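File shown here: entry15.cif, holding mmCIF, C-alpha atoms.
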data_data
loop_
_atom_site.label_atom_id
_atom_site.label_comp_id
_atom_site.auth_asym_id
_atom_site.auth_seq_id
_atom_site.Cartn_x
_atom_site.Cartn_y
_atom_site.Cartn_z
CA MET A 920 31.79 5.82 -49.58
CA SER A 921 29.34 4.76 -46.91
CA THR A 922 31.81 4.83 -44.00
CA THR A 923 34.09 7.53 -42.71
CA ARG A 924 37.86 7.40 -42.57
CA ARG A 925 37.63 6.84 -38.81
CA VAL A 926 35.52 3.71 -39.27
CA PHE A 927 37.81 2.53 -42.08
CA VAL A 928 40.92 2.95 -39.88
CA LYS A 929 39.28 1.15 -36.96
CA LYS A 930 38.37 -1.76 -39.23
CA ALA A 931 41.84 -1.85 -40.76
CA VAL A 932 43.52 -1.84 -37.34
CA ALA A 933 41.20 -4.57 -36.07
CA ALA A 934 41.89 -6.67 -39.17
CA THR A 935 45.68 -6.40 -38.78
CA SER A 936 45.57 -7.05 -35.01
CA GLY A 937 49.18 -5.88 -34.87
CA LEU A 938 48.22 -2.40 -33.73
CA ALA A 939 45.61 -3.23 -31.11
CA ALA A 940 46.58 -0.23 -28.96
CA VAL A 941 45.25 2.16 -31.61
CA VAL A 942 41.74 0.75 -31.19
CA PHE A 943 41.73 2.08 -27.64
CA VAL A 944 42.59 5.69 -28.53
CA PRO A 945 39.91 7.97 -27.07
CA ARG A 946 37.27 9.15 -29.53
CA ILE A 947 38.22 12.81 -29.04
CA ALA A 948 41.79 12.08 -30.14
CA LEU A 949 40.48 10.65 -33.39
CA ALA A 950 38.20 13.64 -33.90
CA GLY A 951 41.15 16.08 -33.90
CA CYS A 952 39.79 19.06 -31.93
CA SER A 953 41.41 22.33 -33.03
CA SER A 954 41.24 25.94 -31.85
CA SER A 955 42.38 29.28 -33.21
CA THR A 956 42.03 33.01 -32.46
CA ARG A 957 41.53 35.86 -34.93
CA SER A 958 41.03 39.61 -34.45
CA TYR A 959 38.75 41.92 -36.43
CA GLU A 960 37.82 45.60 -36.24
CA PHE A 961 34.18 46.63 -36.50
CA ASN A 962 33.50 49.00 -39.40
CA HIS A 963 31.64 52.33 -38.98
CA ASP A 964 28.32 50.46 -39.37
CA GLY A 965 29.14 48.12 -36.45
CA VAL A 966 29.81 45.11 -38.70
CA VAL A 967 32.64 42.58 -38.88
CA ASN A 968 32.90 40.24 -41.87
CA ILE A 969 34.77 37.06 -40.94
CA GLU A 970 36.64 35.35 -43.75
CA ASP A 971 35.98 31.64 -44.27
CA TRP A 972 37.62 29.63 -41.51
CA LYS A 973 38.61 25.95 -41.32
CA LEU A 974 39.47 24.22 -38.05
CA GLY A 975 40.24 20.53 -38.13
CA ASP A 976 37.48 19.04 -40.24
CA CYS A 977 35.01 21.88 -39.54
CA GLU A 978 34.30 24.89 -41.74
CA LEU A 979 32.72 28.28 -41.03
CA LYS A 980 31.69 30.42 -44.00
CA GLN A 981 29.69 33.56 -44.81
CA ALA A 982 30.13 34.69 -41.19
CA SER A 983 29.57 38.15 -39.81
CA LEU A 984 29.02 39.90 -36.50
CA HIS A 985 26.92 43.03 -36.27
CA VAL A 986 25.70 45.33 -33.54
CA SER A 987 21.92 45.47 -33.24
CA GLY A 988 20.53 47.35 -30.27
CA ASN A 989 22.02 45.84 -27.12
CA PHE A 990 23.27 42.70 -28.86
CA ILE A 991 26.05 41.49 -31.09
CA ILE A 992 24.61 39.02 -33.56
CA LEU A 993 26.44 36.23 -35.38
CA ASN A 994 25.16 35.00 -38.75
CA SER A 995 27.03 32.19 -40.49
CA GLN A 996 27.08 28.77 -42.11
CA VAL A 997 28.94 25.86 -40.49
CA CYS A 998 29.68 22.22 -41.33
CA THR A 999 31.99 19.28 -40.71
CA HIS A 1000 33.61 17.38 -43.55
CA PHE A 1001 34.69 14.24 -41.71
CA THR A 1002 33.05 13.60 -38.37
CA HIS A 1003 29.54 12.28 -38.02
CA THR A 1004 29.43 12.23 -34.24
CA LYS A 1005 27.68 15.61 -34.02
CA ASP A 1006 30.60 18.08 -33.88
CA VAL A 1007 29.85 21.57 -32.58
CA TRP A 1008 31.73 24.78 -33.47
CA HIS A 1009 32.28 26.96 -30.38
CA ILE A 1010 33.08 30.69 -30.45
CA THR A 1011 34.14 33.00 -27.65
CA ALA A 1012 34.06 36.64 -28.75
CA GLN A 1013 35.67 39.42 -26.70
CA VAL A 1014 34.69 42.92 -27.78
CA PHE A 1015 37.26 45.54 -26.85
CA TYR A 1016 38.70 48.97 -27.58
CA ARG A 1017 42.25 50.20 -27.08
CA ASP A 1018 43.33 52.59 -24.33
CA ASN A 1019 44.40 55.95 -25.83
CA ALA A 1020 47.23 56.31 -23.30
CA ASN A 1021 48.49 52.76 -23.92
CA PRO A 1022 47.42 51.44 -27.37
CA THR A 1023 48.67 47.92 -26.56
CA LYS A 1024 46.13 47.66 -23.74
CA GLU A 1025 42.77 46.13 -24.72
CA ILE A 1026 39.76 47.14 -22.61
CA VAL A 1027 37.19 44.33 -22.84
CA VAL A 1028 33.60 45.58 -22.78
CA ALA A 1029 31.71 42.37 -23.60
CA THR A 1030 32.31 38.63 -23.88
CA GLY A 1031 29.98 36.21 -25.59
CA LYS A 1032 30.13 32.42 -25.82
CA MET A 1033 28.20 30.82 -28.64
CA ASP A 1034 27.78 27.16 -29.57
CA GLY A 1035 26.80 26.23 -33.11
CA PRO A 1036 24.39 23.53 -34.21
CA GLN A 1037 25.35 19.86 -34.08
CA MET A 1038 26.97 18.84 -37.37
CA SER A 1039 27.63 15.60 -39.21
CA GLU A 1040 29.30 14.87 -42.55
CA GLN A 1041 26.17 12.88 -43.37
CA ASP A 1042 23.83 15.87 -43.02
CA HIS A 1043 21.86 17.07 -46.04
CA PRO A 1044 22.42 19.90 -46.65
CA LEU A 1045 25.99 19.74 -45.34
CA PHE A 1046 26.08 23.38 -44.14
CA HIS A 1047 23.90 24.49 -41.23
CA THR A 1048 22.71 28.04 -40.59
CA TRP A 1049 24.12 29.35 -37.32
CA ASN A 1050 22.59 32.48 -35.81
CA ALA A 1051 23.47 33.48 -32.25
CA ARG A 1052 23.76 36.60 -30.13
CA PHE A 1053 25.12 37.95 -26.88
CA GLY A 1054 24.52 41.07 -24.82
CA PHE A 1055 26.45 44.27 -25.50
CA ASN A 1056 26.18 47.87 -24.32
CA PRO A 1057 27.09 50.04 -27.34
CA ALA A 1058 27.41 53.14 -25.10
CA LEU A 1059 30.69 51.65 -23.80
CA VAL A 1060 32.32 52.11 -27.22
CA SER A 1061 30.47 55.24 -28.36
CA GLY A 1062 32.79 57.40 -30.44
CA ARG A 1063 35.58 54.80 -30.31
CA ARG A 1064 36.96 52.34 -32.78
CA PHE A 1065 36.31 48.89 -31.39
CA ALA A 1066 37.26 45.35 -32.30
CA VAL A 1067 36.72 41.71 -31.39
CA ASN A 1068 38.99 38.77 -30.63
CA ILE A 1069 37.28 35.57 -31.77
CA THR A 1070 38.48 32.25 -30.40
CA SER A 1071 37.01 29.26 -32.19
CA CYS A 1072 37.16 25.59 -31.30
CA CYS A 1073 35.76 22.68 -33.25
#
Transcribe the structure of this file into structure tokens.
Amino acid sequence: MSTTRRVFVKKAVAATSGLAAVVFVPRIALAGCSSSTRSYEFNHDGVVNIEDWKLGDCELKQASLHVSGNFIILNSQVCTHFTHTKDVWHITAQVFYRDNANPTKEIVVATGKMDGPQMSEQDHPLFHTWNARFGFNPALVSGRRFAVNITSCC
């Protein structure tokens, strides 16, 4: 199929002329932006493996975070299955440890915001490599179990 469902729907609505209001729906509403948050604990090697994640029509796979020196590095693959208007997967990662006196309290020691590559369903190959990093002081979690809250939006 050479057109996307969005183009097909626009053409169908225009042809019926009975639903003209739908033609004027903002592009972002048609794209269906979604967001979600997940939590992971770093293992003893300073690594988090993120299971495959789908948000809207976007997909993240083979993703991991790992501590390297004064950075936390993201390695992953990302794509979109529907949109060809250059979607971007966004991640905000908050690294934290829990207070010993109050285990429900999270003490945030680093926050990183990362934007993936522009994606289109028409890209070949469909999946793009996404490598990013943000600053982190590992001395802040030395000897502690630490974790990350990852909020994604695509």
Item to check | Exercise: A:Glu960 partners within 7 Å, all atoms listed in the file, chain neighbours under 4 positions left out, as a VMD selection string | outcome: chain A and resid 967 1065 to 1067
Checklist entry - Taking the file as shown, what set of residues would the PyMOL selection byres ((chain A and resi 993) around 6) give back, as number ranges by chain? => result A: 983-984, 992, 994, 1050-1052
Next on the checklist: When you look at A:Trp972 with a cut-off of 10 Å (counting all atoms listed in the file), what residues show up, excluding the ones that are within fewer than 5 positions of it in the same chain? I need them as a PyMOL selection string.
Outcome noted: chain A and resi 955+957+977-982+997+1071
Writer output for current selection, C-alpha atoms, as a JSON list (two decimals), in the frame of the given file:
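In the end it all went to result_4.json:
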[["chain", "number", "residue", "atom", "x", "y", "z"],
["A", 955, "SER", "CA", 42.38, 29.28, -33.21],
["A", 957, "ARG", "CA", 41.53, 35.86, -34.93],
["A", 977, "CYS", "CA", 35.01, 21.88, -39.54],
["A", 978, "GLU", "CA", 34.30, 24.89, -41.74],
["A", 979, "LEU", "CA", 32.72, 28.28, -41.03],
["A", 980, "LYS", "CA", 31.69, 30.42, -44.00],
["A", 981, "GLN", "CA", 29.69, 33.56, -44.81],
["A", 982, "ALA", "CA", 30.13, 34.69, -41.19],
["A", 997, "VAL", "CA", 28.94, 25.86, -40.49],
["A", 1071, "SER", "CA", 37.01, 29.26, -32.19]]
Checklist entry - With all atoms listed in the file as the basis for distance, which of A:Phe990, A:Trp1008, A:Glu970, A:Glu1040 is at the shortest distance from A:Ser954? => result A:Trp1008
Item to check | Near-A:Lys1005 list (6 Å; all atoms listed in the file; drop same-chain fewer than 5 positions) as an MDAnalysis selection string | outcome: chainID A and resid 1037:1039
With C-alpha atoms retained, write the just-selected residues as a PDB file, in the coordinates of the input.
ATOM      1  CA  GLN A1037      25.350  19.860 -34.080  1.00  0.00           C
ATOM      2  CA  MET A1038      26.970  18.840 -37.370  1.00  0.00           C
ATOM      3  CA  SER A1039      27.630  15.600 -39.210  1.00  0.00           C
TER       4      SER A1039
END
Next on the checklist: Counting all atoms listed in the file, which residues sit no farther than 8 Å from the position (25.4, 38.3, -25.1) in the file's frame? I'd like them as a PyMOL selection string.
Outcome noted: chain A and resi 990-991+1029-1032+1052-1055
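When only C-alpha atoms are used to measure the gap to A:Cys1072, the shortest distance among A:Ser958, A:Thr999, A:Thr1011, A:Asn989 belongs to A:Thr1011.
Running the PyMOL selection byres ((chain A and resi 1017) around 9) on this file leaves Phe1015, Tyr1016, Asp1018, Asn1019, Ala1020, Asn1021, Pro1022, Thr1023, Lys1024, Glu1025, Ile1026, Val1027, Arg1063, Arg1064, Phe1065 and Ala1066 of chain A selected.
Between atom CA of A:Gly965 and atom CA of A:Ser953 there is a distance of 28.8 Å.
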